[in-house]
>>> print(open('my_file12.tsv').read())   # TSV, C-alpha atoms and all ligand atoms
chain	number	residue	atom	x	y	z
F	23	MET	CA	117.58	46.42	-126.90
F	24	ARG	CA	116.03	48.30	-124.01
F	25	SER	CA	114.17	45.30	-122.69
F	26	LEU	CA	117.28	43.16	-123.03
F	27	ALA	CA	119.21	45.61	-120.86
F	28	ALA	CA	116.40	45.59	-118.32
F	29	LEU	CA	116.45	41.81	-118.25
F	30	PHE	CA	120.18	41.84	-117.64
F	31	LEU	CA	119.73	44.28	-114.76
F	32	LEU	CA	117.08	42.04	-113.24
F	33	ALA	CA	119.23	38.95	-113.54
F	34	PHE	CA	122.50	40.51	-112.33
F	35	PRO	CA	121.66	43.64	-110.34
F	36	ALA	CA	125.00	43.94	-108.53
F	37	LEU	CA	127.15	42.92	-111.47
F	38	ALA	CA	125.45	45.22	-113.93
F	39	GLU	CA	126.11	48.31	-111.82
F	40	ILE	CA	129.85	47.81	-111.35
F	41	ALA	CA	132.14	48.44	-114.30
F	42	PRO	CA	135.09	46.05	-114.63
F	43	GLU	CA	137.62	48.86	-113.93
F	44	ARG	CA	135.80	49.77	-110.73
F	45	ALA	CA	135.60	46.10	-109.73
F	46	ALA	CA	139.40	45.94	-109.99
F	47	VAL	CA	139.67	48.98	-107.68
F	48	LEU	CA	137.28	47.38	-105.19
F	49	GLU	CA	139.21	44.11	-105.30
F	50	HIS	CA	142.42	46.00	-104.54
F	51	MET	CA	140.69	47.85	-101.72
F	52	VAL	CA	139.53	44.60	-100.11
F	53	LEU	CA	143.09	43.31	-100.21
F	54	GLN	CA	144.83	46.49	-99.01
F	55	ASP	CA	142.33	48.26	-96.76
F	56	CYS	CA	140.11	45.50	-95.44
F	57	GLY	CA	143.15	43.20	-95.39
F	58	SER	CA	144.96	45.42	-92.91
F	59	CYS	CA	142.45	44.39	-90.23
F	60	HIS	CA	140.84	41.24	-91.59
F	61	GLY	CA	144.05	39.71	-92.93
F	62	LEU	CA	145.46	39.55	-96.47
F	63	THR	CA	143.83	36.16	-96.92
F	64	ARG	CA	140.77	37.42	-94.96
F	65	LYS	CA	141.26	34.76	-92.30
F	66	GLY	CA	140.94	37.41	-89.60
F	67	GLY	CA	143.21	39.62	-87.55
F	68	LEU	CA	141.94	42.59	-85.61
F	69	GLY	CA	138.66	42.03	-87.48
F	70	ARG	CA	136.83	38.74	-87.91
F	71	PRO	CA	137.47	36.31	-90.76
F	72	LEU	CA	135.81	37.41	-94.01
F	73	THR	CA	136.31	34.19	-95.94
F	74	ALA	CA	133.50	32.73	-98.06
F	75	GLU	CA	133.16	29.94	-95.47
F	76	ALA	CA	132.92	32.39	-92.56
F	77	LEU	CA	130.26	34.40	-94.42
F	78	ALA	CA	128.40	31.48	-95.99
F	79	HIS	CA	125.27	32.16	-93.92
F	80	ALA	CA	125.57	35.95	-93.88
F	81	ASP	CA	123.02	37.96	-95.83
F	82	ARG	CA	124.54	40.14	-98.59
F	83	GLU	CA	122.31	43.11	-97.69
F	84	GLY	CA	123.35	42.81	-94.04
F	85	LEU	CA	127.03	42.64	-94.97
F	86	ALA	CA	126.66	45.66	-97.25
F	87	LEU	CA	125.11	47.63	-94.37
F	88	ILE	CA	127.98	46.70	-92.03
F	89	ILE	CA	130.47	47.73	-94.72
F	90	LEU	CA	128.72	51.07	-95.31
F	91	ASP	CA	127.98	51.94	-91.65
F	92	GLY	CA	130.79	50.15	-89.84
F	93	VAL	CA	130.27	48.63	-86.40
F	94	PRO	CA	130.01	51.45	-83.84
F	95	GLY	CA	132.18	50.96	-80.79
F	96	THR	CA	134.60	48.66	-82.66
F	97	ALA	CA	137.54	49.27	-85.00
F	98	MET	CA	135.31	48.55	-88.03
F	99	PRO	CA	134.99	51.93	-89.76
F	100	PRO	CA	132.10	53.10	-91.97
F	101	TRP	CA	133.05	53.00	-95.64
F	102	ASN	CA	130.12	55.05	-96.91
F	103	PRO	CA	132.34	58.05	-97.76
F	104	LEU	CA	134.16	55.81	-100.26
F	105	LEU	CA	131.56	53.30	-101.44
F	106	THR	CA	128.08	53.35	-102.92
F	107	LYS	CA	125.45	50.83	-101.84
F	108	ALA	CA	125.94	48.92	-105.10
F	109	GLU	CA	129.69	48.77	-104.47
F	110	ALA	CA	129.18	47.55	-100.90
F	111	LEU	CA	126.88	44.83	-102.28
F	112	TRP	CA	129.55	43.95	-104.84
F	113	ILE	CA	132.10	43.59	-102.01
F	114	ALA	CA	129.62	41.47	-100.02
F	115	ASP	CA	129.22	39.15	-103.03
F	116	TYR	CA	132.97	39.18	-103.59
F	117	LEU	CA	133.64	38.16	-99.98
F	118	LYS	CA	131.03	35.41	-100.26
F	119	GLY	CA	132.77	34.21	-103.42
F	120	GLU	CA	129.79	35.04	-105.61
F	121	THR	CA	131.38	37.38	-108.14
F	122	PRO	CA	133.14	36.10	-111.26
G	201	LIG	C1	140.62	49.31	-88.77
G	201	LIG	C2	140.29	47.90	-88.87
G	201	LIG	C3	139.26	47.43	-89.89
G	201	LIG	C4	139.25	47.71	-91.23
G	201	LIG	C5	140.21	48.56	-92.05
G	201	LIG	C6	138.11	46.98	-91.77
G	201	LIG	N1	137.47	46.30	-90.78
G	201	LIG	FE1	135.80	45.16	-90.97
G	201	LIG	N2	135.77	44.81	-89.00
G	201	LIG	C7	136.73	45.22	-88.10
G	201	LIG	C8	136.39	44.72	-86.77
G	201	LIG	C9	137.19	44.95	-85.50
G	201	LIG	C10	135.18	43.99	-86.93
G	201	LIG	C11	134.40	43.24	-85.84
G	201	LIG	C12	133.36	44.16	-85.24
G	201	LIG	C13	132.59	43.44	-84.15
G	201	LIG	O1	133.20	43.12	-83.13
G	201	LIG	O2	131.39	43.20	-84.36
G	201	LIG	C14	134.83	44.06	-88.32
G	201	LIG	C15	133.70	43.47	-88.87
G	201	LIG	C16	133.42	43.40	-90.20
G	201	LIG	C17	132.33	42.67	-90.78
G	201	LIG	C18	131.29	41.86	-90.03
G	201	LIG	C19	131.79	40.44	-89.97
G	201	LIG	C20	130.83	39.53	-89.23
G	201	LIG	O3	131.12	38.33	-89.21
G	201	LIG	O4	129.85	40.00	-88.68
G	201	LIG	C21	132.41	42.83	-92.12
G	201	LIG	C22	131.50	42.23	-93.19
G	201	LIG	C23	133.55	43.66	-92.39
G	201	LIG	N3	134.15	43.99	-91.21
G	201	LIG	C24	133.97	44.01	-93.64
G	201	LIG	C25	135.03	44.88	-93.91
G	201	LIG	C26	135.38	45.33	-95.23
G	201	LIG	C27	134.69	44.89	-96.52
G	201	LIG	C28	136.42	46.18	-95.08
G	201	LIG	C29	137.13	46.97	-96.16
G	201	LIG	C30	136.29	47.80	-97.03
G	201	LIG	C31	136.73	46.23	-93.66
G	201	LIG	N4	135.86	45.44	-92.99
G	201	LIG	C32	137.76	46.98	-93.10
G	201	LIG	C33	137.83	46.00	-88.38
G	201	LIG	C34	138.15	46.54	-89.62
>>> encode(input="my_file12.tsv", output="C-alpha cells")
Amino acid sequence: MRSLAALFLLAFPALAEIAPERAAVLEHMVLQDCGSCHGLTRKGGLGRPLTAEALAHADREGLALIILDGVPGTAMPPWNPLLTKAEALWIADYLKGETP
C-alpha cells in the first residue's frame, strides 16, 4: 500500500496534496477574489486575462510564484498568507485548465 501511495504522489503531485473540500474553497477563491481583478470569466479587468488560452505557454511553477509573491509595484497582491505552495500550484493548474 505504501508504494502505491508513493506512486500516486509521483504521478499526481499537485492533485494528491489538495483535498477535494479544499479544492472547492480554492475554486471559489479564484472566482471571488481573483475574479474581482481578473474578471469573473478571467478574461481580464484590472489584472491580465487568466484564461487557459492566455496562460497556455506559462510555466506552472512561475505562475505559482506570482500567485504567492504577487507582482511588486502593481495591484497584484501576494497570496502567501492564505495559500501554500501546493495550493498555488493547484490554482496554476486550475487556471491552465489542467485540473479535473
Ligand atoms: C487587486 C487586484 C488583483 C487581485 C485580487 C488578483 N490579481 Fe492577479 N494580477 C493583478 C494585476 C494588476 C496583474 C498584472 C501585474 C503586471 O502588470 O505584471 C496581475 C497578474 C497576475 C498574474 C500574472 C499573469 C501574467 O500573464 O503574467 C497571475 C498568474 C495572477 N495575477 C493570478 C492571480 C490569482 C490566482 C489571483 C487570486 C488568488 C489574483 N491574481 C488576484 C491584479 C490582481
>>> closest_residue(input="my_file12.tsv", among="F:Ala74, F:Cys56, F:Val47, F:Ile40", to="ligand LIG 201 (chain G)", atoms="all atoms listed in the file")
F:Cys56
>>> closest_atom_pairs(input="my_file12.tsv", of="chain F", to="ligand LIG 201 (chain G)", cutoff="8 Å", atoms="all atoms listed in the file", output="tab-separated table")
residue	atom	partner	partner_atom	distance
F:Met51	CA	G:LIG201	C30	6.4
F:Val52	CA	G:LIG201	C29	5.2
F:Asp55	CA	G:LIG201	C5	5.2
F:Cys56	CA	G:LIG201	C29	3.4
F:Gly57	CA	G:LIG201	C5	7.0
F:Ser58	CA	G:LIG201	C5	5.8
F:Cys59	CA	G:LIG201	C2	4.3
F:His60	CA	G:LIG201	N1	6.1
F:Leu68	CA	G:LIG201	C9	5.3
F:Gly69	CA	G:LIG201	C8	3.6
F:Arg70	CA	G:LIG201	C11	5.5
F:Pro71	CA	G:LIG201	O3	6.8
F:Leu72	CA	G:LIG201	C19	6.5
F:Ala76	CA	G:LIG201	O3	7.1
F:Leu77	CA	G:LIG201	O3	6.6
F:Ala80	CA	G:LIG201	O3	7.6
F:Leu85	CA	G:LIG201	C22	4.8
F:Ala86	CA	G:LIG201	C22	7.2
F:Ile88	CA	G:LIG201	C22	5.8
F:Ile89	CA	G:LIG201	C24	5.2
F:Gly92	CA	G:LIG201	N3	7.1
F:Val93	CA	G:LIG201	C12	5.6
F:Thr96	CA	G:LIG201	C12	5.3
F:Ala97	CA	G:LIG201	C9	4.4
F:Met98	CA	G:LIG201	C33	3.6
F:Pro99	CA	G:LIG201	C4	6.2
F:Trp101	CA	G:LIG201	C30	6.3
F:Ala110	CA	G:LIG201	C27	7.5
F:Ile113	CA	G:LIG201	C27	6.2
F:Ala114	CA	G:LIG201	C27	7.0
F:Leu117	CA	G:LIG201	C27	7.6
>>> atom_distance(input="my_file12.tsv", atom1="atom CA of Leu48 of chain F", atom2="atom CA of Thr63 of chain F")
15.4 Å
>>> atom_distance(input="my_file12.tsv", atom1="atom CA of Glu49 of chain F", atom2="atom CA of Gly84 of chain F")
19.5 Å
>>> residues_around(input="my_file12.tsv", residues="Leu111 of chain F", least_positions_apart="4", cutoff="9 Å", atoms="all atoms listed in the file", output="list in words")
Ala36, Arg82, Glu83, Leu85, Ala86, Leu87, Ile89, Thr106, Lys107, Asp115 and Tyr116 of chain F
>>> atom_distance(input="my_file12.tsv", atom1="atom CA of Thr73 of chain F", atom2="atom CA of Glu120 of chain F")
11.7 Å
>>> decode(input="my_file12.tsv", residues="segment 46-83 of chain F", atoms="N, CA and C atoms", output="tab-separated table (two decimals), in the first residue's frame")
chain	number	residue	atom	x	y	z
F	46	ALA	N	-12.48	22.90	-3.55
F	46	ALA	CA	-13.71	23.67	-3.74
F	46	ALA	C	-13.53	25.09	-3.20
F	47	VAL	N	-12.83	25.22	-2.07
F	47	VAL	CA	-12.56	26.53	-1.48
F	47	VAL	C	-11.68	27.36	-2.43
F	48	LEU	N	-10.66	26.69	-2.99
F	48	LEU	CA	-9.74	27.39	-3.90
F	48	LEU	C	-10.48	27.85	-5.17
F	49	GLU	N	-11.36	26.99	-5.65
F	49	GLU	CA	-12.13	27.30	-6.85
F	49	GLU	C	-12.99	28.55	-6.59
F	50	HIS	N	-13.60	28.59	-5.43
F	50	HIS	CA	-14.43	29.72	-5.03
F	50	HIS	C	-13.59	30.99	-4.93
F	51	MET	N	-12.39	30.82	-4.38
F	51	MET	CA	-11.48	31.95	-4.20
F	51	MET	C	-11.07	32.54	-5.56
F	52	VAL	N	-10.79	31.66	-6.52
F	52	VAL	CA	-10.41	32.14	-7.85
F	52	VAL	C	-11.54	32.97	-8.45
F	53	LEU	N	-12.76	32.49	-8.26
F	53	LEU	CA	-13.92	33.19	-8.80
F	53	LEU	C	-14.12	34.54	-8.10
F	54	GLN	N	-14.16	34.50	-6.76
F	54	GLN	CA	-14.49	35.70	-5.98
F	54	GLN	C	-13.33	36.68	-5.88
F	55	ASP	N	-12.18	36.20	-5.42
F	55	ASP	CA	-11.06	37.09	-5.12
F	55	ASP	C	-10.25	37.44	-6.36
F	56	CYS	N	-9.83	36.43	-7.09
F	56	CYS	CA	-9.04	36.71	-8.29
F	56	CYS	C	-9.97	37.36	-9.31
F	57	GLY	N	-11.25	36.93	-9.31
F	57	GLY	CA	-12.21	37.44	-10.28
F	57	GLY	C	-12.45	38.94	-10.14
F	58	SER	N	-12.27	39.47	-8.93
F	58	SER	CA	-12.54	40.89	-8.74
F	58	SER	C	-11.58	41.73	-9.57
F	59	CYS	N	-10.40	41.24	-9.84
F	59	CYS	CA	-9.44	41.99	-10.68
F	59	CYS	C	-9.28	41.39	-12.06
F	60	HIS	N	-9.33	40.06	-12.13
F	60	HIS	CA	-9.05	39.40	-13.41
F	60	HIS	C	-10.32	39.09	-14.19
F	61	GLY	N	-11.47	39.41	-13.59
F	61	GLY	CA	-12.75	39.16	-14.26
F	61	GLY	C	-13.34	37.83	-13.84
F	62	LEU	N	-14.67	37.80	-13.71
F	62	LEU	CA	-15.37	36.58	-13.29
F	62	LEU	C	-15.10	35.43	-14.25
F	63	THR	N	-14.95	35.76	-15.53
F	63	THR	CA	-14.67	34.72	-16.51
F	63	THR	C	-13.17	34.70	-16.84
F	64	ARG	N	-12.39	35.44	-16.01
F	64	ARG	CA	-10.92	35.51	-16.10
F	64	ARG	C	-10.44	36.08	-17.43
F	65	LYS	N	-11.28	36.86	-18.08
F	65	LYS	CA	-10.86	37.43	-19.37
F	65	LYS	C	-10.11	38.74	-19.17
F	66	GLY	N	-9.87	39.10	-17.92
F	66	GLY	CA	-9.09	40.30	-17.64
F	66	GLY	C	-9.97	41.45	-17.17
F	67	GLY	N	-9.34	42.37	-16.48
F	67	GLY	CA	-10.01	43.55	-15.95
F	67	GLY	C	-8.89	44.47	-15.57
F	68	LEU	N	-8.76	44.72	-14.26
F	68	LEU	CA	-7.60	45.45	-13.76
F	68	LEU	C	-6.34	44.58	-13.99
F	69	GLY	N	-6.50	43.27	-13.75
F	69	GLY	CA	-5.40	42.33	-13.99
F	69	GLY	C	-5.54	41.70	-15.37
F	70	ARG	N	-4.48	41.05	-15.81
F	70	ARG	CA	-4.48	40.44	-17.14
F	70	ARG	C	-5.43	39.25	-17.23
F	71	PRO	N	-5.73	38.82	-18.46
F	71	PRO	CA	-6.56	37.61	-18.60
F	71	PRO	C	-5.85	36.41	-17.98
F	72	LEU	N	-6.62	35.55	-17.32
F	72	LEU	CA	-6.05	34.33	-16.73
F	72	LEU	C	-6.74	33.11	-17.33
F	73	THR	N	-7.14	33.20	-18.59
F	73	THR	CA	-7.80	32.06	-19.22
F	73	THR	C	-6.75	31.01	-19.58
F	74	ALA	N	-7.21	29.80	-19.83
F	74	ALA	CA	-6.30	28.71	-20.21
F	74	ALA	C	-5.53	29.10	-21.47
F	75	GLU	N	-6.20	29.80	-22.40
F	75	GLU	CA	-5.53	30.21	-23.64
F	75	GLU	C	-4.42	31.22	-23.33
F	76	ALA	N	-4.76	32.20	-22.49
F	76	ALA	CA	-3.78	33.25	-22.16
F	76	ALA	C	-2.57	32.67	-21.45
F	77	LEU	N	-2.78	31.58	-20.69
F	77	LEU	CA	-1.69	31.01	-19.90
F	77	LEU	C	-1.12	29.73	-20.51
F	78	ALA	N	-1.51	29.45	-21.74
F	78	ALA	CA	-1.10	28.18	-22.37
F	78	ALA	C	0.41	27.96	-22.32
F	79	HIS	N	1.18	29.05	-22.49
F	79	HIS	CA	2.63	28.90	-22.53
F	79	HIS	C	3.31	29.25	-21.22
F	80	ALA	N	2.49	29.58	-20.21
F	80	ALA	CA	3.06	29.94	-18.91
F	80	ALA	C	3.44	28.68	-18.14
F	81	ASP	N	4.52	28.78	-17.39
F	81	ASP	CA	5.03	27.66	-16.61
F	81	ASP	C	4.29	27.63	-15.26
F	82	ARG	N	3.82	26.43	-14.85
F	82	ARG	CA	3.01	26.36	-13.63
F	82	ARG	C	3.79	26.82	-12.40
F	83	GLU	N	5.09	26.51	-12.35
F	83	GLU	CA	5.92	26.94	-11.21
F	83	GLU	C	6.00	28.46	-11.18
